[in-house]
Amino acid sequence: MAQTEQEILAGLADIVNEITGVAVADIATEKSFTDDLDIDSLSMVEVVMAAEEKFGVEIPDEEVKNLVTVGDAVSYIAKASA
Amino acid sequence: MSKNNTRVVVTGLGATTPVGGTAESTWSALLAGQSGVHTIKDDWAADLPVNFAGVAAVDPAEVLDRVEARKLDRIAQFALVAAREAWADAGLDTVDPLRLGVSVATGIGGALTLLSSWDAMKTSGPRKVSPHTIPMLMPNSAAATVGIEFTARAGVHTPVAACASGAESMAQGLEMIRSGRADVVVVGGTEACVHPLPLAAFASMMALSRRNDNPEAASRPWDKARDGFVFAEGCAILVLESFEHAQARGARMYAEVAGAGITSDGSDSMVQPDPTGAGAQRAIEAALADAGASASDVVHVNAHATSTPQGDVAEALAIRHALGAASDGACVTSTKSMTGHLLGAAGALESLAVVKSIYERLAPPTINLDDPEDDLGLDIVTGSPRALRAGDIVALNNSFGFGGHNVALAFRSI
């Protein structure tokens, strides 16, 4: 079942909050995972693992470096689950 | 005596143990003779040969922030909780990071993380192995966590010497300050492996008590009916500081860490103590010499005494031989009778108990000693706490580990 980008953003925000403690309200599409949300490299791997499970997609390791902002991740997941 | 006249004092205490979630609650429970050993209620324990342990009275994950806790193995969770308590107790605000060191020991390391990660991988494959697995399971994770917490830049260490690990951290902290490398060192020990595999493994060695029907009575050092030690978890952390540094900031000083004695006497059996206690005796003698103290100064010994048939008797010999006639003037206790054996944290917890004993002039009792072994020749504290005399006093802590690690520590009143 395809999900809207809005649903993916909400789900991703929950994951990021669970793993890093960043407030859900602070997690927006234009935010950079490392520069704005201060997520370290290992926690980023965890976010990816959790997103794969939640959205039923595969995010290859070589793709992760391209997911700079929350919006990048939302777009990738939307495309992969379409 | 130490060639270096730098004095090292204890200014902060923190603990989370089977009898209390803080140093103060732990100390009160020890004085009250309360056992922290209970039946493990989880389903996994039902079919084990030993189904009881000294589980921490307070779950560290409940004390820490959720996000903070989830990236730390339980050894590091314990250490962070106890280190924050000790740091606050010491009244330390800012310390020059370049003069601050850490030595937090463990016997086994992040075993719970290793075991749960392997479970996850077997069930769901390699993609389900957390990226935090290695930093959580590495034995130095607790020391590193404490070092990061307080921005320690003078060196962060993790002594590993089985059940003498926590005592080695005390000795290392003493040495770091004496050698001039640091003014303040956060020392201690942490252990967390109450899990079916380590329990089964220690039971397989015939090292653990099998008193499943009465766990509170299972840890009974020197009692004729003792049948092995009781597996336990937890952590104790102490802030060590040079006397000058502590004095300059007007800190409360609990006691002086006056000397350390370390010897080794490993044999082919790996785990059996030398029945003559000679290696342990040399450690006690070395600690007294390092402290510039004589046997007659010693008023109290917090013994290693784990409630094993061989170890308790060998240690009694070691204490008697090391102190000679003066052993009549030293009351002896085993707080493991209440806490169980915290393995790599034991030496730190029992050092904390000795420091409190000196500061409050009270030695906790040994519980469950209903029928003492014949001819021990020790004045063992039972029933209620024993008052220690006024004036300058010295008290000892002994710790011994599988592999032949013997560490004795001498503490002196300020």
# chains A, B, ... in the order shown; residues from 1 in each chain; ligands from 1

$ interface_residues --of "chain A" --to "chain B" --cutoff "10 Å" --atoms "only C-alpha atoms" --output "PyMOL selection string"
chain A and resi 17-22+41-46+49-50+53

$ write_last_selection --atoms "N, CA, C and O atoms" --output "mmCIF file, in the first residue's frame"
data_model
loop_
_atom_site.group_PDB
_atom_site.id
_atom_site.type_symbol
_atom_site.label_atom_id
_atom_site.label_comp_id
_atom_site.auth_asym_id
_atom_site.auth_seq_id
_atom_site.Cartn_x
_atom_site.Cartn_y
_atom_site.Cartn_z
ATOM 1 N N ASN A 17 12.748 10.308 16.537
ATOM 2 C CA ASN A 17 12.508 10.668 17.937
ATOM 3 C C ASN A 17 12.846 9.507 18.865
ATOM 4 O O ASN A 17 13.506 9.677 19.886
ATOM 5 N N GLU A 18 12.401 8.317 18.476
ATOM 6 C CA GLU A 18 12.651 7.122 19.298
ATOM 7 C C GLU A 18 14.156 6.884 19.475
ATOM 8 O O GLU A 18 14.628 6.611 20.572
ATOM 9 N N ILE A 19 14.908 7.039 18.384
ATOM 10 C CA ILE A 19 16.328 6.690 18.425
ATOM 11 C C ILE A 19 17.189 7.808 18.998
ATOM 12 O O ILE A 19 18.137 7.559 19.738
ATOM 13 N N THR A 20 16.860 9.036 18.652
ATOM 14 C CA THR A 20 17.767 10.133 19.034
ATOM 15 C C THR A 20 17.195 11.086 20.067
ATOM 16 O O THR A 20 17.941 11.887 20.630
ATOM 17 N N GLY A 21 15.906 11.031 20.301
ATOM 18 C CA GLY A 21 15.305 11.942 21.264
ATOM 19 C C GLY A 21 14.981 13.319 20.693
ATOM 20 O O GLY A 21 14.443 14.160 21.403
ATOM 21 N N VAL A 22 15.296 13.557 19.411
ATOM 22 C CA VAL A 22 14.935 14.847 18.797
ATOM 23 C C VAL A 22 13.408 14.967 18.769
ATOM 24 O O VAL A 22 12.705 14.010 18.431
ATOM 25 N N SER A 41 26.737 9.099 13.087
ATOM 26 C CA SER A 41 26.715 8.133 11.985
ATOM 27 C C SER A 41 26.090 6.800 12.388
ATOM 28 O O SER A 41 25.357 6.195 11.609
ATOM 29 N N LEU A 42 26.352 6.351 13.611
ATOM 30 C CA LEU A 42 25.800 5.053 14.011
ATOM 31 C C LEU A 42 24.284 5.144 14.208
ATOM 32 O O LEU A 42 23.547 4.237 13.824
ATOM 33 N N SER A 43 23.847 6.249 14.786
ATOM 34 C CA SER A 43 22.400 6.406 14.969
ATOM 35 C C SER A 43 21.699 6.529 13.616
ATOM 36 O O SER A 43 20.565 6.077 13.450
ATOM 37 N N MET A 44 22.380 7.125 12.632
ATOM 38 C CA MET A 44 21.809 7.235 11.281
ATOM 39 C C MET A 44 21.598 5.841 10.690
ATOM 40 O O MET A 44 20.574 5.579 10.055
ATOM 41 N N VAL A 45 22.552 4.955 10.928
ATOM 42 C CA VAL A 45 22.383 3.573 10.449
ATOM 43 C C VAL A 45 21.152 2.950 11.108
ATOM 44 O O VAL A 45 20.363 2.253 10.465
ATOM 45 N N GLU A 46 20.987 3.243 12.377
ATOM 46 C CA GLU A 46 19.828 2.708 13.098
ATOM 47 C C GLU A 46 18.514 3.250 12.535
ATOM 48 O O GLU A 46 17.526 2.522 12.407
ATOM 49 N N MET A 49 17.804 1.393 9.398
ATOM 50 C CA MET A 49 17.325 0.028 9.672
ATOM 51 C C MET A 49 15.853 0.046 10.094
ATOM 52 O O MET A 49 15.055 -0.794 9.657
ATOM 53 N N ALA A 50 15.527 0.998 10.960
ATOM 54 C CA ALA A 50 14.145 1.073 11.444
ATOM 55 C C ALA A 50 13.189 1.487 10.326
ATOM 56 O O ALA A 50 12.059 0.996 10.247
ATOM 57 N N GLU A 53 12.329 -1.387 8.056
ATOM 58 C CA GLU A 53 11.349 -2.293 8.650
ATOM 59 C C GLU A 53 9.947 -1.675 8.619
ATOM 60 O O GLU A 53 8.975 -2.315 8.228
#

$ closest_atom_pairs --of "stretch 61-122 of chain B" --to "stretch 236-243 of chain B" --cutoff "7 Å" --atoms "only C-alpha atoms" --output "CSV"
residue,atom,partner,partner_atom,distance
B:Ala82,CA,B:Ile237,CA,5.8
B:Ala83,CA,B:Ile237,CA,5.6
B:Ala86,CA,B:Leu238,CA,6.1
B:Trp87,CA,B:Val239,CA,6.8
B:Ala90,CA,B:Val239,CA,6.9

$ residues_around --residues "stretch 302-318 of chain B" --least-positions-apart "4" --cutoff "7 Å" --atoms "only C-alpha atoms" --output "PyMOL selection string"
chain B and resi 219-222+226-229+273+275-278+280-281+322+332-334+336+341+350+354+376+378+396-400

$ select_by_dssp --residues "stretch 21-53 of chain B" --states "alpha helix (DSSP H)" --output "PyMOL selection string"
chain B and resi 23-31

$ write_last_selection --atoms "C-alpha atoms" --output "PDB file, in the first residue's frame"
ATOM      1  CA  ALA B  23      25.682   4.693  47.790  1.00  0.00           C
ATOM      2  CA  GLU B  24      23.739   5.872  50.824  1.00  0.00           C
ATOM      3  CA  SER B  25      20.874   3.374  50.470  1.00  0.00           C
ATOM      4  CA  THR B  26      23.412   0.604  49.827  1.00  0.00           C
ATOM      5  CA  TRP B  27      25.347   1.553  52.963  1.00  0.00           C
ATOM      6  CA  SER B  28      22.181   1.683  55.099  1.00  0.00           C
ATOM      7  CA  ALA B  29      21.149  -1.767  53.858  1.00  0.00           C
ATOM      8  CA  LEU B  30      24.600  -3.185  54.633  1.00  0.00           C
ATOM      9  CA  LEU B  31      24.473  -1.846  58.171  1.00  0.00           C
TER      10      LEU B  31
END

$ residues_around --residues "B:Ser179" --least-positions-apart "3" --cutoff "9 Å" --atoms "only C-alpha atoms" --output "list in words"
Asn4, Thr6, Leu174, Glu175, Met176 and Ala182 of chain B

$ write_last_selection --atoms "C-alpha atoms" --output "PDB file, in the first residue's frame"
ATOM      1  CA  ASN B   4      56.069   9.292  46.411  1.00  0.00           C
ATOM      2  CA  THR B   6      51.486  12.452  47.268  1.00  0.00           C
ATOM      3  CA  LEU B 174      46.074   5.772  43.174  1.00  0.00           C
ATOM      4  CA  GLU B 175      49.024   5.321  40.827  1.00  0.00           C
ATOM      5  CA  MET B 176      47.753   7.878  38.302  1.00  0.00           C
ATOM      6  CA  ALA B 182      46.096  13.383  37.156  1.00  0.00           C
TER       7      ALA B 182
END

$ select_by_dssp --residues "stretch 194-311 of chain B" --states "strand (DSSP E)" --output "list in words"
Gly234, Cys235, Ala236, Ile237, Leu238, Val239, Leu240, Glu241, Ser242, Ala255, Glu256, Val257, Ala258, Gly259, Ala260, Gly261, Ile262, Thr263, Ser264, Val298, Val299, His300, Val301 and Asn302 of chain B

$ write_last_selection --atoms "N, CA, C and O atoms" --output "short mmCIF file (atom, residue, chain, number, x, y, z; two decimals), in the first residue's frame"
data_model
loop_
_atom_site.label_atom_id
_atom_site.label_comp_id
_atom_site.auth_asym_id
_atom_site.auth_seq_id
_atom_site.Cartn_x
_atom_site.Cartn_y
_atom_site.Cartn_z
N GLY B 234 25.90 -4.93 39.43
CA GLY B 234 25.85 -3.58 39.98
C GLY B 234 27.17 -2.86 39.77
O GLY B 234 28.03 -3.31 39.00
N CYS B 235 27.32 -1.75 40.47
CA CYS B 235 28.47 -0.88 40.21
C CYS B 235 28.74 0.00 41.43
O CYS B 235 27.82 0.38 42.16
N ALA B 236 30.00 0.30 41.64
CA ALA B 236 30.37 1.32 42.62
C ALA B 236 31.44 2.20 42.00
O ALA B 236 32.32 1.71 41.29
N ILE B 237 31.34 3.49 42.25
CA ILE B 237 32.28 4.47 41.71
C ILE B 237 32.77 5.36 42.85
O ILE B 237 31.98 5.78 43.70
N LEU B 238 34.06 5.64 42.86
CA LEU B 238 34.65 6.52 43.86
C LEU B 238 35.43 7.63 43.15
O LEU B 238 36.08 7.37 42.13
N VAL B 239 35.37 8.82 43.69
CA VAL B 239 36.20 9.91 43.17
C VAL B 239 37.45 9.98 44.03
O VAL B 239 37.37 10.19 45.25
N LEU B 240 38.60 9.75 43.38
CA LEU B 240 39.88 9.88 44.06
C LEU B 240 40.50 11.22 43.67
O LEU B 240 40.36 11.66 42.54
N GLU B 241 41.21 11.78 44.61
CA GLU B 241 41.72 13.14 44.39
C GLU B 241 43.01 13.29 45.19
O GLU B 241 43.15 12.73 46.28
N SER B 242 43.94 14.06 44.66
CA SER B 242 45.13 14.33 45.46
C SER B 242 44.70 15.16 46.67
O SER B 242 43.77 15.96 46.58
N ALA B 255 38.26 9.36 53.38
CA ALA B 255 39.38 8.53 53.85
C ALA B 255 40.51 8.68 52.85
O ALA B 255 40.31 9.19 51.75
N GLU B 256 41.67 8.24 53.26
CA GLU B 256 42.82 8.25 52.36
C GLU B 256 42.99 6.86 51.76
O GLU B 256 42.85 5.85 52.46
N VAL B 257 43.26 6.80 50.45
CA VAL B 257 43.68 5.53 49.84
C VAL B 257 45.17 5.48 50.08
O VAL B 257 45.96 6.14 49.39
N ALA B 258 45.58 4.70 51.08
CA ALA B 258 46.95 4.81 51.56
C ALA B 258 47.92 3.87 50.87
O ALA B 258 49.11 4.16 50.77
N GLY B 259 47.42 2.74 50.38
CA GLY B 259 48.34 1.81 49.75
C GLY B 259 47.64 0.70 48.99
O GLY B 259 46.48 0.39 49.27
N ALA B 260 48.36 0.15 48.03
CA ALA B 260 47.83 -0.98 47.26
C ALA B 260 48.90 -2.05 47.15
O ALA B 260 50.08 -1.74 46.99
N GLY B 261 48.47 -3.29 47.25
CA GLY B 261 49.39 -4.42 47.07
C GLY B 261 48.82 -5.37 46.05
O GLY B 261 47.68 -5.81 46.18
N ILE B 262 49.60 -5.66 45.01
CA ILE B 262 49.12 -6.55 43.95
C ILE B 262 50.11 -7.69 43.78
O ILE B 262 51.31 -7.46 43.59
N THR B 263 49.61 -8.93 43.85
CA THR B 263 50.46 -10.08 43.58
C THR B 263 49.70 -11.04 42.66
O THR B 263 48.51 -10.86 42.41
N SER B 264 50.41 -12.05 42.18
CA SER B 264 49.76 -13.06 41.34
C SER B 264 50.22 -14.44 41.77
O SER B 264 51.37 -14.63 42.16
N VAL B 298 45.70 -1.81 61.84
CA VAL B 298 44.52 -2.29 61.12
C VAL B 298 43.40 -2.65 62.09
O VAL B 298 43.58 -3.51 62.96
N VAL B 299 42.26 -2.01 61.94
CA VAL B 299 41.13 -2.28 62.84
C VAL B 299 40.00 -3.04 62.14
O VAL B 299 39.09 -3.53 62.79
N HIS B 300 40.09 -3.12 60.80
CA HIS B 300 38.96 -3.71 60.08
C HIS B 300 39.41 -4.24 58.72
O HIS B 300 40.24 -3.61 58.07
N VAL B 301 38.84 -5.38 58.33
CA VAL B 301 39.10 -5.93 56.99
C VAL B 301 37.76 -6.25 56.34
O VAL B 301 36.95 -7.00 56.90
N ASN B 302 37.49 -5.66 55.18
CA ASN B 302 36.35 -6.09 54.38
C ASN B 302 36.91 -7.14 53.43
O ASN B 302 37.63 -6.84 52.47
#

$ residues_around --residues "stretch 28-36 of chain A" --least-positions-apart "5" --cutoff "8 Å" --atoms "only C-alpha atoms" --output "mmCIF file with C-alpha atoms, in the first residue's frame"
data_model
loop_
_atom_site.group_PDB
_atom_site.id
_atom_site.type_symbol
_atom_site.label_atom_id
_atom_site.label_comp_id
_atom_site.auth_asym_id
_atom_site.auth_seq_id
_atom_site.Cartn_x
_atom_site.Cartn_y
_atom_site.Cartn_z
ATOM 1 C CA LEU A 9 7.359 12.021 7.192
ATOM 2 C CA MET A 44 21.809 7.235 11.281
ATOM 3 C CA VAL A 68 21.230 14.278 3.532
ATOM 4 C CA THR A 69 17.917 15.797 4.591
ATOM 5 C CA VAL A 70 14.751 14.326 6.031
ATOM 6 C CA GLY A 71 13.089 15.233 2.721
ATOM 7 C CA ASP A 72 15.659 13.142 0.801
ATOM 8 C CA VAL A 74 10.995 10.735 2.547
#

$ residues_around --residues "B:Gly91" --least-positions-apart "4" --cutoff "12 Å" --atoms "only C-alpha atoms" --output "VMD selection string"
chain B and resid 11 to 13 84 to 87 95 239 246 249 to 253

$ write_last_selection --atoms "C-alpha atoms" --output "short mmCIF file (atom, residue, chain, number, x, y, z; two decimals), in the first residue's frame"
data_model
loop_
_atom_site.label_atom_id
_atom_site.label_comp_id
_atom_site.auth_asym_id
_atom_site.auth_seq_id
_atom_site.Cartn_x
_atom_site.Cartn_y
_atom_site.Cartn_z
CA THR B 11 35.96 12.63 48.05
CA GLY B 12 32.93 11.15 46.27
CA LEU B 13 30.90 7.94 46.42
CA ARG B 84 27.01 10.98 38.35
CA GLU B 85 26.17 10.29 41.99
CA ALA B 86 29.85 10.16 42.99
CA TRP B 87 30.66 13.31 41.02
CA VAL B 95 38.06 20.05 36.85
CA VAL B 239 36.20 9.91 43.17
CA ALA B 246 40.82 18.30 47.59
CA ARG B 249 38.68 23.36 47.11
CA GLY B 250 37.62 22.58 50.65
CA ALA B 251 36.27 19.14 49.76
CA ARG B 252 34.99 16.64 52.29
CA MET B 253 37.50 13.77 52.55
#

$ residues_around --residues "stretch 77-80 of chain A" --least-positions-apart "4" --cutoff "8 Å" --atoms "only C-alpha atoms" --output "list in words"
Ala2, Gln3, Thr4, Glu5, Ile8, Phe55, Val57, Glu58 and Ala73 of chain A

$ write_last_selection --atoms "N, CA and C atoms" --output "compact mmCIF listing (two decimals), in the first residue's frame"
# COMPACT_ATOMS: atom_id res chain seq x y z
N ALA A 2 0.72 2.03 -1.01
CA ALA A 2 1.56 3.23 -1.08
C ALA A 2 1.13 4.23 0.00
N GLN A 3 2.13 4.88 0.57
CA GLN A 3 1.83 5.86 1.60
C GLN A 3 2.12 7.26 1.08
N THR A 4 1.41 8.22 1.60
CA THR A 4 1.66 9.60 1.18
C THR A 4 2.96 10.07 1.81
N GLU A 5 3.55 11.09 1.20
CA GLU A 5 4.79 11.64 1.76
C GLU A 5 4.55 12.16 3.17
N ILE A 8 4.74 9.24 5.46
CA ILE A 8 6.13 8.79 5.61
C ILE A 8 6.90 9.74 6.52
N PHE A 55 8.67 0.75 6.75
CA PHE A 55 8.05 1.06 5.45
C PHE A 55 8.19 -0.09 4.44
N VAL A 57 10.79 -1.26 2.87
CA VAL A 57 11.64 -0.95 1.71
C VAL A 57 13.07 -1.37 2.01
N GLU A 58 13.89 -1.38 0.95
CA GLU A 58 15.32 -1.60 1.16
C GLU A 58 16.06 -0.32 0.84
N ALA A 73 15.13 11.47 2.47
CA ALA A 73 14.72 10.14 2.93
C ALA A 73 13.26 9.88 2.62

$ atom_distance --atom1 "atom CA of B:His321" --atom2 "atom CA of B:Ile284"
9.6 Å

$ closest_residue --among "B:Ala326, B:Asp59, B:Gly107, B:Met136" --to "B:Gly20" --atoms "only C-alpha atoms"
B:Asp59
